[in-house]
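Engineer: After the C-alpha cells below, expect a handful of questions from me.
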Amino acid sequence: MSKLQENPGPVAEREDEHTWRVIHRVVFPDNADADTMPLYVDFNSAQRIAESDSASTDSRTVSATVAAEVRPDYVNDRRSIALPAFERLSFGTYFNAFPASYWQAHTAIRRVRLSVEVDGDATVTIYRSTARGTANRVSTIRTSDVASGHVVVDLPVVAFGDGGWYWFDLAAHGNPVVLQRAEWSVPEPEGFVPGKLSIAVTTFNRPDYCVRNLGILASAPDLLEILHRVIVTDQGTQKVRDEPGIDEAKSALGDRFALIEQANLGGSGGFARGMLETLEDDASSYVMLLDDDVEMETEGILRAAQFADFTRQPTIVGGHMFNLFERSVMHHFGEAIQQYRFSYGGTENTWEAHDFAANNLRTTAWMHRRVDVDYNGWWMCLIPKEVIRTVGLALPVFIKWDDVEYGIRAKSHGFTTVTLPGAAVWHMPWTEKDDTIDWQAYYHQRNRWVATLIYSPYKKGGRMPKESFAVDVRHLLSMQYSSVELRLQALEDVLEGPDHLHRTLGSKLGEVRATRARFDDAKVSKDVVSFPPVKRSKPPRKGKSPTAARTRPAAVVKALAGAVHQLTAVPESALRNPEAHIAAVDARWWRLAQLNSALVTSSDGTGASWHKRDTAKARELALRSADLHRKLLLRWDELSEDYRTALPRVTSREAWKRTFAENGADARRQAEGKE
C-alpha cells in the first residue's frame with residue numbers, strides 16, 4: 001500500500017446487485033468560458049506536487065498552495081480536462097460537487113457512487129464537508145493501483161442532516177494526465193422508471209434568444225433522452241416562426257417541438273399555457289418553466305429532472321440564477337417569504353450576489369448548510385404534473401408574484417420546493433432596472449396585496465399594509481407620481497375582487513401604459529441635452545448635501561419635513577429648469593424630497609426623465625392612498641375570504657381555457673407593445 005492510500009476509505013471497483021443511474025455528471029463550460037470556469041473547476045486551490053530528492057515516486061510530497069490562474073485551455077470538451085504534470089485541480093465547485101445534504105433530506109438515497117476515469121498516473125482525493133463548512137478527507141486513491149485508471153468509490157449519504165457536500169480533487173504526478181470523465185450515480189430502486197420532461201418557454205419579442213436556446217436543447221444528447229416536448233408560447237409581435245434558424249431548430253427537435261401563439265398574457269399566462277399543455281399530455285411527468293432570455297447549463301436541467309425522479313413525494317425542483325453580465329455571481333442561494341411583511345427575498349444565513357470567482361464553494365462556509373426555500377423563481381423551475389393537478393395552474397396576475405404565490409400554494413398543499421445546487425441558468429440581474437417604479441409598479445402592488453390576502457397568517461396582513469402606504473409616501477416625496485397612480489389603480493382593482501384577474505389579464509397592460517404616459521416622471525428621453533440646463537435658484541441649506549437618516553425617528557423627521565415641503569408653492573424657475581441632475585443610484589426619497597424638480601437618470605442608464613413637484617397632484621394622490629388603504633383594511637376579512645374561495649376556480653384548467661380562447665393568436669392587443 002502506498003503512503004497515499006493509508007486511509008483509503010470506501011472500497012473501489014466492487015460489484016453489487018444494483019443498477020446504478022448517473023444523476024450528476026462532471027462537466028465543463030462550452031467554449032471553455034473563462035468567466036464561468038470558477039463554477040466548474042477550482043484553480044485557486046491548485047497545489048503542485050514537488051519532486052523530493054528520492055527517486056521513489058511514493059516519497060513525493062505536496063508543497064504549499066500556490067496561486068493559480070484560471071486555465072480554460074485545459075478543457076478538452078464537455079466531459080474531459082487535461083492536467084499538466086505536478087498540478088492539482090479541485091472539483092469542489094458549484095456545478096461539480098455533489099450536494100449530498102439535499103439528496104439525504106429529500107430522497108431515500110443512502111449511497112452515492114463516484115466514478116472517475118483518468119488517462120495517466122494521478123491521485124484522486126475525495127472530500128466531504130459538514131454543515132459548518134469544514135472539510136474532511138474521505139479517501140485517496142492512486143489511479144495506477146486500479147484497473148484501467150477507473151476509480152469507483154461508494155460513499156454513504158447518511159450524515160448530511162443539516163448540510164454538506166462531496167467532491168474530489170485530482171493531482172497529476174510525473175506526467176500530464178487527462179480526466180476522461182467523472183460522474184456521480186445512485187442505485188435505482190426496484191421498478192424504477194425515469195420521468196419524461198416537457199420544457200415550457202414563454203417568449204415576448206425575443207425570437208433570437210428563443211431560437212438560440214432551442215438549438216442548445218437539441219444539441220444536448222443526454223437531455224434529449226428524457227425530453228418529451230419543448231413548448232414555446234409566443235406572445236409577441238416579433239414571431240419565433242419568422243426568426244432565422246427556426247427551421248433548423250425544429251428539424252433538430254423533431255416532434256418534440258410545439259409552438260403556440262397567443263396574445264400577451266404575461267409570464268403567468270405563458271407558463272399557465274405550458275402547464276396546461278403538459279397536463280393534457282400523458283407522456284410527460286414534469287414541466288420545467290424557463291425564461292426565454294436565459295443562458296442554460298443543460299446538465300442542470302437534466303439534474304433537476306433526475307433529482308425529481310428520486311424524491312419521496314412530488315417535489316418542485318428549481319435552479320439558481322447567475323448574473324448574465326457577471327457570470328460567476330449568484331443572485332440568491334435560496335428564496336423565502338417574510339410573512340409579517342409579506343415580502344420576498346433571500347433566505348436566512350445566506351448572502352446576496354455571491355461571487356464564486358472571489359470565494360469558491362470550499363471556502364464559503366455558509367453555503368455548506370442546506371438551505372430550505374419557500375419558492376423558486378420561474379427563470380428555471382421544474383413542477384411535477386401531480387403538483388399541478390392538485391394545486392392548479394398559475395395565478396392569472398400577468399407578471400410578478402406568480403412564482404412566489406405558486407410556491408406558497410404548493411407548500412400549503414404539502415408539496416416541497418427544493419432549489420437544487422448544480423442546476424442554474426444565467427439571467428439579466430434585477431439590479432439593472434428598478435421595475436418597482438415603471439409600468440410594473442401596478443403588478444408589484446396588486447399581486448402582493450392579492451397574495452397577502454390569501455396567505456398572510458397575521459391579522460389584517462401584519463406590517464404589509466403599513467409598508468404599502470409608506471411606499472406611496474416615498475414615491476410622492478420623490479416626485480414619482482406615475483408610480484403612485486399605478487399603485488392606487490392596483491388597490492382599486494384589488495377592492496373589485498378576484499373576478500377581475502382573468503377579465504383584465506389581456507387588456508390591463510395597455511391601460512397601465514396609457515396611464516403612465518400622462519406623467520412627466522415617466523417620460524424618458526435618451527437625448528439628455530434636450531432638457532433645459534440644470535439651474536437652482538436657491539442653494540441647499542448651509543451648502544450641505546442631504547444624507548440618509550441613521551435612525552427610524554430621524555427618518556420620520558425627514559419624511560415629515562419632505563411632506564411639509566410638498567405643500568409649499570413650486571417656484572416658477574423649477575418648472576423652467578431642473579434644479580439638479582440625480583444619478584439613478586442616488587435617486588433616494590430623502591434627496592429628491594428637498595428639490596422642486598430634477599432630472600433623474602433611468603436605472604438602465606439609457607436616458608433621463610424630468611421629475612417636477614406638483615402640489616395639487618401630490619395632495620390628491622396622498623388622500624386617495626389613505627382612503628384606499630382604509631377601505632382595504634375595513635374590508636380585509638371579506639376580501640381575504642373572497643380571494644381564498646376563488647383561488648381554486650381562477651387557477652383551474654377551465655378558467656384558463658376560457659382565457660386562452662379569448663386571447664388566441666389573432667387576439668392582438670395594445671398590451672403587446674413594448675415600452
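Lettering and numbering for the C-alpha cells are positional, with chains as A, B, ... in the shown order, residues counted from 1 in each chain, and ligands counted from 1 in the shown order.
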If DSSP is run on the backbone, what residues of region 302-539 of chain A are strand (DSSP E)? A reply as a PyMOL selection string would be ideal.

Structural biologist: chain A and resi 316-323+329-330+335-338+343-346+354-355+380-384+417-427

Engineer: Write out as a list of chain:residue names the residues lying within 8 Å of Asp293 (chain A), counting only C-alpha atoms and excluding same-chain residues fewer than 3 positions away.

Structural biologist: A:Arg206, A:Tyr209, A:Cys210, A:His427

Engineer: For region 168-270 of chain A against region 77-92 of chain A, with a cut-off of 9 Å and counting only C-alpha atoms, what is the closest atom pair and its distance in Å to one decimal for every residue that makes the cut, ordered by chain and number, as a Markdown table?

Structural biologist:
```
| residue | atom | partner | partner_atom | distance |
| --- | --- | --- | --- | --- |
| A:Phe168 | CA | A:Phe91 | CA | 5.6 |
| A:Asp169 | CA | A:Ser90 | CA | 4.2 |
| A:Leu170 | CA | A:Leu89 | CA | 5.4 |
| A:Ala171 | CA | A:Arg88 | CA | 4.1 |
| A:Ala172 | CA | A:Phe86 | CA | 5.1 |
| A:His173 | CA | A:Phe86 | CA | 5.0 |
| A:Gly174 | CA | A:Ala85 | CA | 5.3 |
| A:Asn175 | CA | A:Ala85 | CA | 4.5 |
| A:Pro176 | CA | A:Pro84 | CA | 4.3 |
| A:Val177 | CA | A:Leu83 | CA | 5.3 |
| A:Val178 | CA | A:Ala82 | CA | 4.3 |
| A:Leu179 | CA | A:Ile81 | CA | 5.3 |
| A:Gln180 | CA | A:Ser80 | CA | 4.8 |
| A:Arg181 | CA | A:Arg79 | CA | 5.3 |
| A:Ala182 | CA | A:Arg79 | CA | 7.5 |
```
